[in-house]
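Colleague: Take a look at the following structure, please.
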Amino acid sequence: ATAETTDTADAGSGDLISIGFAQVGHESDWRTASTKSAQDVFSEANGYELSFVDCDNDSAAQLEAVRGFIQQDVDYIIIDPIVSTGWDTVLTECEDAGIPVIVIDRTIDDSDKYVSWVGSNFKDEGLACGEWLKAYADAKGMGEINALVIEGSTGASATIGRTDGFKEIADKYGWTILDSQSGDFTEAGGQEVMESFCQSYAGQFNVVICQNDNEAFGAMTAMDNAGVSYGVDGDVVLVSFDANKPALQLVMDGKITANFECNPMAAPFVEQVIQQLQAGETPEKEIYMDESWFAAEDIVSTINVNGTQQEMVHVTQDVL
Ligand code: GYE
């Protein structure tokens, strides 16, 4: 796929701070919110000139986009890395060109040649999901756990963290993960994977973990079509990540049993980093954003994640 560039800059806008943003793509509602956050914050009215590239989930296109920003000689480069590896060469090129890089959302695991990273702890999200499920299953007397996982895009740190976190808890309590397949963080992908799961594991599963809300929407369609009931009154516990508004409504309706938030609004934090750099200050290397864990039923109030007690939020109209 060819990446599409939208350059919102006026020619000769010399006083604006120029920024290139290599975005993952447009696979999910979360992503749409992330893009909007950047476009709102890095507007001309706020003193910025944003070159935005939608990399359409294509790693090669993303490297090309970053190199394009080096050629444009932008002041700062923001990268939301589609995959976590393969970055050191291009980040060295950014460094040699004297352009500071800020990484958002997903992490880069094979290079630290960037100023700051702003995002979420995906492993903690997976651990939280597992610990909540343990408490919920005990409270409901569920017995054996037989789970199916619809993973996000392969190689994305968000996928790796959520998968590892949940698996760690599944191993700890001796649960069975019947299968774990990528739905590519899309609704169509979630539906397709769930359709095949419904055929291969008919009657064998009681938990479905979707690594984002769009996959959960697709999985719901597939389960509806296959006559599988889910949610608080159904046979299958349905869990999701992201907690976007329509998905939280589904939690309130009892269709999604629990949802683990991931905050897409990184841009205001990135702006702080840029303003610190402009002022000659040294920003923090890692900036974690706040997030909450949401449940349809008010039966598990806190869960222990990595040694800290965290609150589960019972979704009501007030939360929406
Ligand atoms: O969960 C998903 C998006 O990287 C955390 O990517 C992000 C994930 C998010 O497509 O909806």
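Residues are named by chain letter and number: chains run A, B, ... in the order of the structure tokens, numbers start at 1 in each chain, and ligands are numbered from 1 in the order shown.
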Taking only region 10-113 of chain A into account, list the residues labelled alpha helix (DSSP H) by DSSP (computed from the backbone), as an MDAnalysis selection string.

Modeller: chainID A and resid 29:41 59:72 88:96

Colleague: Select from chain A every residue with an atom at most 7 Å from any atom of ligand 1, then for each give the shortest pair of atoms and their distance in Å to one decimal, using only C-alpha atoms and all ligand atoms, rows by chain and rising number, as a tab-separated table.

Modeller:
residue	atom	partner	partner_atom_place_in_ligand_line	distance
A:Glu27	CA	ligand 1	10 (O)	5.4
A:Ser28	CA	ligand 1	10 (O)	4.8
A:Asp29	CA	ligand 1	11 (O)	6.4
A:Trp30	CA	ligand 1	11 (O)	4.7
A:Arg31	CA	ligand 1	10 (O)	5.4
A:Asp105	CA	ligand 1	4 (O)	5.7
A:Arg106	CA	ligand 1	4 (O)	5.3
A:Ala158	CA	ligand 1	4 (O)	5.2
A:Phe185	CA	ligand 1	10 (O)	5.0
A:Gln211	CA	ligand 1	1 (O)	6.7
A:Asn212	CA	ligand 1	11 (O)	4.9
A:Asp213	CA	ligand 1	11 (O)	6.5
A:Asn214	CA	ligand 1	11 (O)	6.9
A:Phe241	CA	ligand 1	1 (O)	6.3
A:Asp242	CA	ligand 1	1 (O)	5.3
A:Cys262	CA	ligand 1	5 (C)	6.2

Colleague: Do a neighbour search on Asp80 (chain A) at 7 Å with only C-alpha atoms, toss out local chain neighbours closer than 2 positions, and write the hits as a list in words.

Modeller: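 In the requested form, the answer reads Ala22, Gln23, Val24, Ile78, Ile82, Val103, Ile104, Asp105 and Arg106 of chain A.
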
Colleague: Take the residues from that selection and put them in a file with N, CA and C atoms, as a PDB file, in the first residue's frame.

Modeller:
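Output below, filename result_5.pdb:
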ATOM      1  N   ALA A  22       4.115   9.764  11.556  1.00  0.00           N
ATOM      2  CA  ALA A  22       3.923   8.504  10.823  1.00  0.00           C
ATOM      3  C   ALA A  22       2.961   7.630  11.634  1.00  0.00           C
ATOM      4  N   GLN A  23       1.693   7.719  11.273  1.00  0.00           N
ATOM      5  CA  GLN A  23       0.632   7.009  11.999  1.00  0.00           C
ATOM      6  C   GLN A  23       0.500   5.582  11.479  1.00  0.00           C
ATOM      7  N   VAL A  24       0.082   4.669  12.352  1.00  0.00           N
ATOM      8  CA  VAL A  24      -0.069   3.250  12.002  1.00  0.00           C
ATOM      9  C   VAL A  24      -0.979   3.060  10.787  1.00  0.00           C
ATOM     10  N   ILE A  78       7.122  12.280  14.899  1.00  0.00           N
ATOM     11  CA  ILE A  78       6.354  11.413  15.810  1.00  0.00           C
ATOM     12  C   ILE A  78       6.116  10.089  15.093  1.00  0.00           C
ATOM     13  N   ILE A  82       4.225   0.571  13.896  1.00  0.00           N
ATOM     14  CA  ILE A  82       3.333  -0.542  13.539  1.00  0.00           C
ATOM     15  C   ILE A  82       3.857  -1.829  14.189  1.00  0.00           C
ATOM     16  N   VAL A 103       8.176   8.817  20.218  1.00  0.00           N
ATOM     17  CA  VAL A 103       7.405   7.607  19.922  1.00  0.00           C
ATOM     18  C   VAL A 103       6.125   7.656  20.737  1.00  0.00           C
ATOM     19  N   ILE A 104       5.001   7.311  20.103  1.00  0.00           N
ATOM     20  CA  ILE A 104       3.752   7.263  20.877  1.00  0.00           C
ATOM     21  C   ILE A 104       3.117   5.887  20.759  1.00  0.00           C
ATOM     22  N   ASP A 105       2.321   5.565  21.762  1.00  0.00           N
ATOM     23  CA  ASP A 105       1.483   4.364  21.794  1.00  0.00           C
ATOM     24  C   ASP A 105       2.335   3.095  21.829  1.00  0.00           C
ATOM     25  N   ARG A 106       2.531   2.443  20.693  1.00  0.00           N
ATOM     26  CA  ARG A 106       3.300   1.199  20.665  1.00  0.00           C
ATOM     27  C   ARG A 106       4.779   1.490  20.882  1.00  0.00           C
TER      28      ARG A 106
END

Colleague: Can you tell me which residues surround Tyr114 (chain A) at a distance of at most 9 Å, considering only C-alpha atoms, apart from same-chain residues fewer than 5 positions away, and format the answer as a PDB file with C-alpha atoms, in the first residue's frame?

Modeller:
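Output below, filename part_34.pdb:
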ATOM      1  CA  LEU A  91      16.310   6.213  14.004  1.00  0.00           C
ATOM      2  CA  CYS A  94      16.959  10.813  12.277  1.00  0.00           C
ATOM      3  CA  GLU A  95      19.654  11.319  14.890  1.00  0.00           C
ATOM      4  CA  PRO A 100      14.276  14.539  17.621  1.00  0.00           C
ATOM      5  CA  VAL A 101      11.889  11.568  17.476  1.00  0.00           C
ATOM      6  CA  ILE A 102       8.988  11.064  19.839  1.00  0.00           C
ATOM      7  CA  VAL A 103       7.405   7.607  19.922  1.00  0.00           C
ATOM      8  CA  LYS A 285      12.050   9.103  28.581  1.00  0.00           C
TER       9      LYS A 285
END

Colleague: Please provide the set of residues having any atom within 12 Å of Val53 (chain A), restricted to only C-alpha atoms, with same-chain residues fewer than 2 positions apart removed, written as a ChimeraX atom specification.

Modeller: /A:2-8,19-26,35,38-39,50-51,55-58,61-69,77-80

Colleague: Would you write out those residues with N, CA and C atoms, as a short mmCIF file (atom, residue, chain, number, x, y, z; two decimals), in the first residue's frame?

Modeller:
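part-v6.cif was written with the following content:
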data_model
loop_
_atom_site.label_atom_id
_atom_site.label_comp_id
_atom_site.auth_asym_id
_atom_site.auth_seq_id
_atom_site.Cartn_x
_atom_site.Cartn_y
_atom_site.Cartn_z
N THR A 2 0.43 2.26 -0.66
CA THR A 2 1.18 3.50 -0.69
C THR A 2 0.63 4.42 0.40
N ALA A 3 1.54 4.99 1.15
CA ALA A 3 1.11 5.88 2.22
C ALA A 3 0.62 7.20 1.63
N GLU A 4 -0.35 7.74 2.27
CA GLU A 4 -0.96 8.98 1.79
C GLU A 4 -0.52 10.15 2.67
N THR A 5 -0.02 11.19 2.05
CA THR A 5 0.44 12.34 2.85
C THR A 5 -0.57 13.47 2.78
N THR A 6 -0.91 13.99 3.92
CA THR A 6 -1.75 15.18 3.95
C THR A 6 -0.93 16.27 4.60
N ASP A 7 -0.51 17.20 3.80
CA ASP A 7 0.33 18.26 4.32
C ASP A 7 -0.54 19.49 4.53
N THR A 8 -0.71 19.83 5.78
CA THR A 8 -1.62 20.94 6.09
C THR A 8 -0.87 22.27 6.14
N ILE A 19 6.13 19.29 12.10
CA ILE A 19 6.10 17.95 12.70
C ILE A 19 5.67 16.94 11.64
N GLY A 20 6.39 15.84 11.55
CA GLY A 20 5.94 14.72 10.73
C GLY A 20 5.41 13.63 11.65
N PHE A 21 4.24 13.13 11.35
CA PHE A 21 3.65 12.07 12.17
C PHE A 21 3.38 10.85 11.28
N ALA A 22 4.11 9.76 11.56
CA ALA A 22 3.92 8.50 10.82
C ALA A 22 2.96 7.63 11.63
N GLN A 23 1.69 7.72 11.27
CA GLN A 23 0.63 7.01 12.00
C GLN A 23 0.50 5.58 11.48
N VAL A 24 0.08 4.67 12.35
CA VAL A 24 -0.07 3.25 12.00
C VAL A 24 -0.98 3.06 10.79
N GLY A 25 -2.18 3.62 10.85
CA GLY A 25 -3.18 3.41 9.80
C GLY A 25 -4.51 3.93 10.25
N HIS A 26 -5.57 3.22 9.87
CA HIS A 26 -6.93 3.64 10.24
C HIS A 26 -7.77 2.40 10.54
N THR A 35 -5.51 9.83 15.84
CA THR A 35 -5.23 10.76 14.73
C THR A 35 -5.86 12.12 15.00
N ALA A 38 -3.97 14.17 17.52
CA ALA A 38 -2.76 14.82 16.96
C ALA A 38 -3.14 16.01 16.09
N GLN A 39 -4.18 15.82 15.26
CA GLN A 39 -4.54 16.91 14.36
C GLN A 39 -5.10 18.11 15.13
N LEU A 50 1.66 20.35 10.50
CA LEU A 50 1.68 18.89 10.65
C LEU A 50 1.68 18.19 9.29
N SER A 51 2.68 17.36 9.07
CA SER A 51 2.65 16.45 7.91
C SER A 51 2.22 15.10 8.46
N CYS A 55 0.01 5.22 7.39
CA CYS A 55 0.87 4.18 6.81
C CYS A 55 0.12 2.89 6.49
N ASP A 56 -1.17 2.88 6.70
CA ASP A 56 -2.02 1.76 6.29
C ASP A 56 -1.46 0.39 6.74
N ASN A 57 -0.93 0.36 7.95
CA ASN A 57 -0.46 -0.88 8.57
C ASN A 57 0.66 -1.56 7.78
N ASP A 58 1.42 -0.77 7.05
CA ASP A 58 2.49 -1.28 6.20
C ASP A 58 3.83 -0.77 6.74
N ALA A 61 6.12 1.09 4.35
CA ALA A 61 5.60 2.45 4.09
C ALA A 61 5.90 3.38 5.25
N GLN A 62 5.91 2.82 6.46
CA GLN A 62 6.17 3.66 7.64
C GLN A 62 7.64 4.11 7.67
N LEU A 63 8.55 3.22 7.33
CA LEU A 63 9.97 3.61 7.26
C LEU A 63 10.16 4.68 6.18
N GLU A 64 9.48 4.49 5.06
CA GLU A 64 9.54 5.45 3.95
C GLU A 64 9.00 6.82 4.39
N ALA A 65 7.93 6.80 5.16
CA ALA A 65 7.34 8.06 5.66
C ALA A 65 8.35 8.80 6.53
N VAL A 66 9.03 8.07 7.41
CA VAL A 66 10.01 8.71 8.31
C VAL A 66 11.14 9.30 7.47
N ARG A 67 11.59 8.55 6.47
CA ARG A 67 12.67 9.07 5.61
C ARG A 67 12.19 10.30 4.84
N GLY A 68 10.94 10.30 4.46
CA GLY A 68 10.38 11.49 3.80
C GLY A 68 10.42 12.70 4.73
N PHE A 69 10.15 12.49 6.01
CA PHE A 69 10.19 13.61 6.97
C PHE A 69 11.63 14.13 7.14
N ILE A 77 9.79 14.50 14.67
CA ILE A 77 9.11 13.35 14.05
C ILE A 77 8.40 12.56 15.15
N ILE A 78 7.12 12.28 14.90
CA ILE A 78 6.35 11.41 15.81
C ILE A 78 6.12 10.09 15.09
N ILE A 79 6.40 8.99 15.78
CA ILE A 79 6.18 7.67 15.20
C ILE A 79 5.31 6.85 16.13
N ASP A 80 4.23 6.26 15.59
CA ASP A 80 3.50 5.21 16.30
C ASP A 80 3.88 3.92 15.59
#

Colleague: Using only C-alpha atoms, which of the listed residues (A:Trp117, A:Phe52, A:Phe197, A:Tyr136) sits closest to Thr257 (chain A)?

Modeller: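 Closest residue, counting only C-alpha atoms: A:Tyr136.
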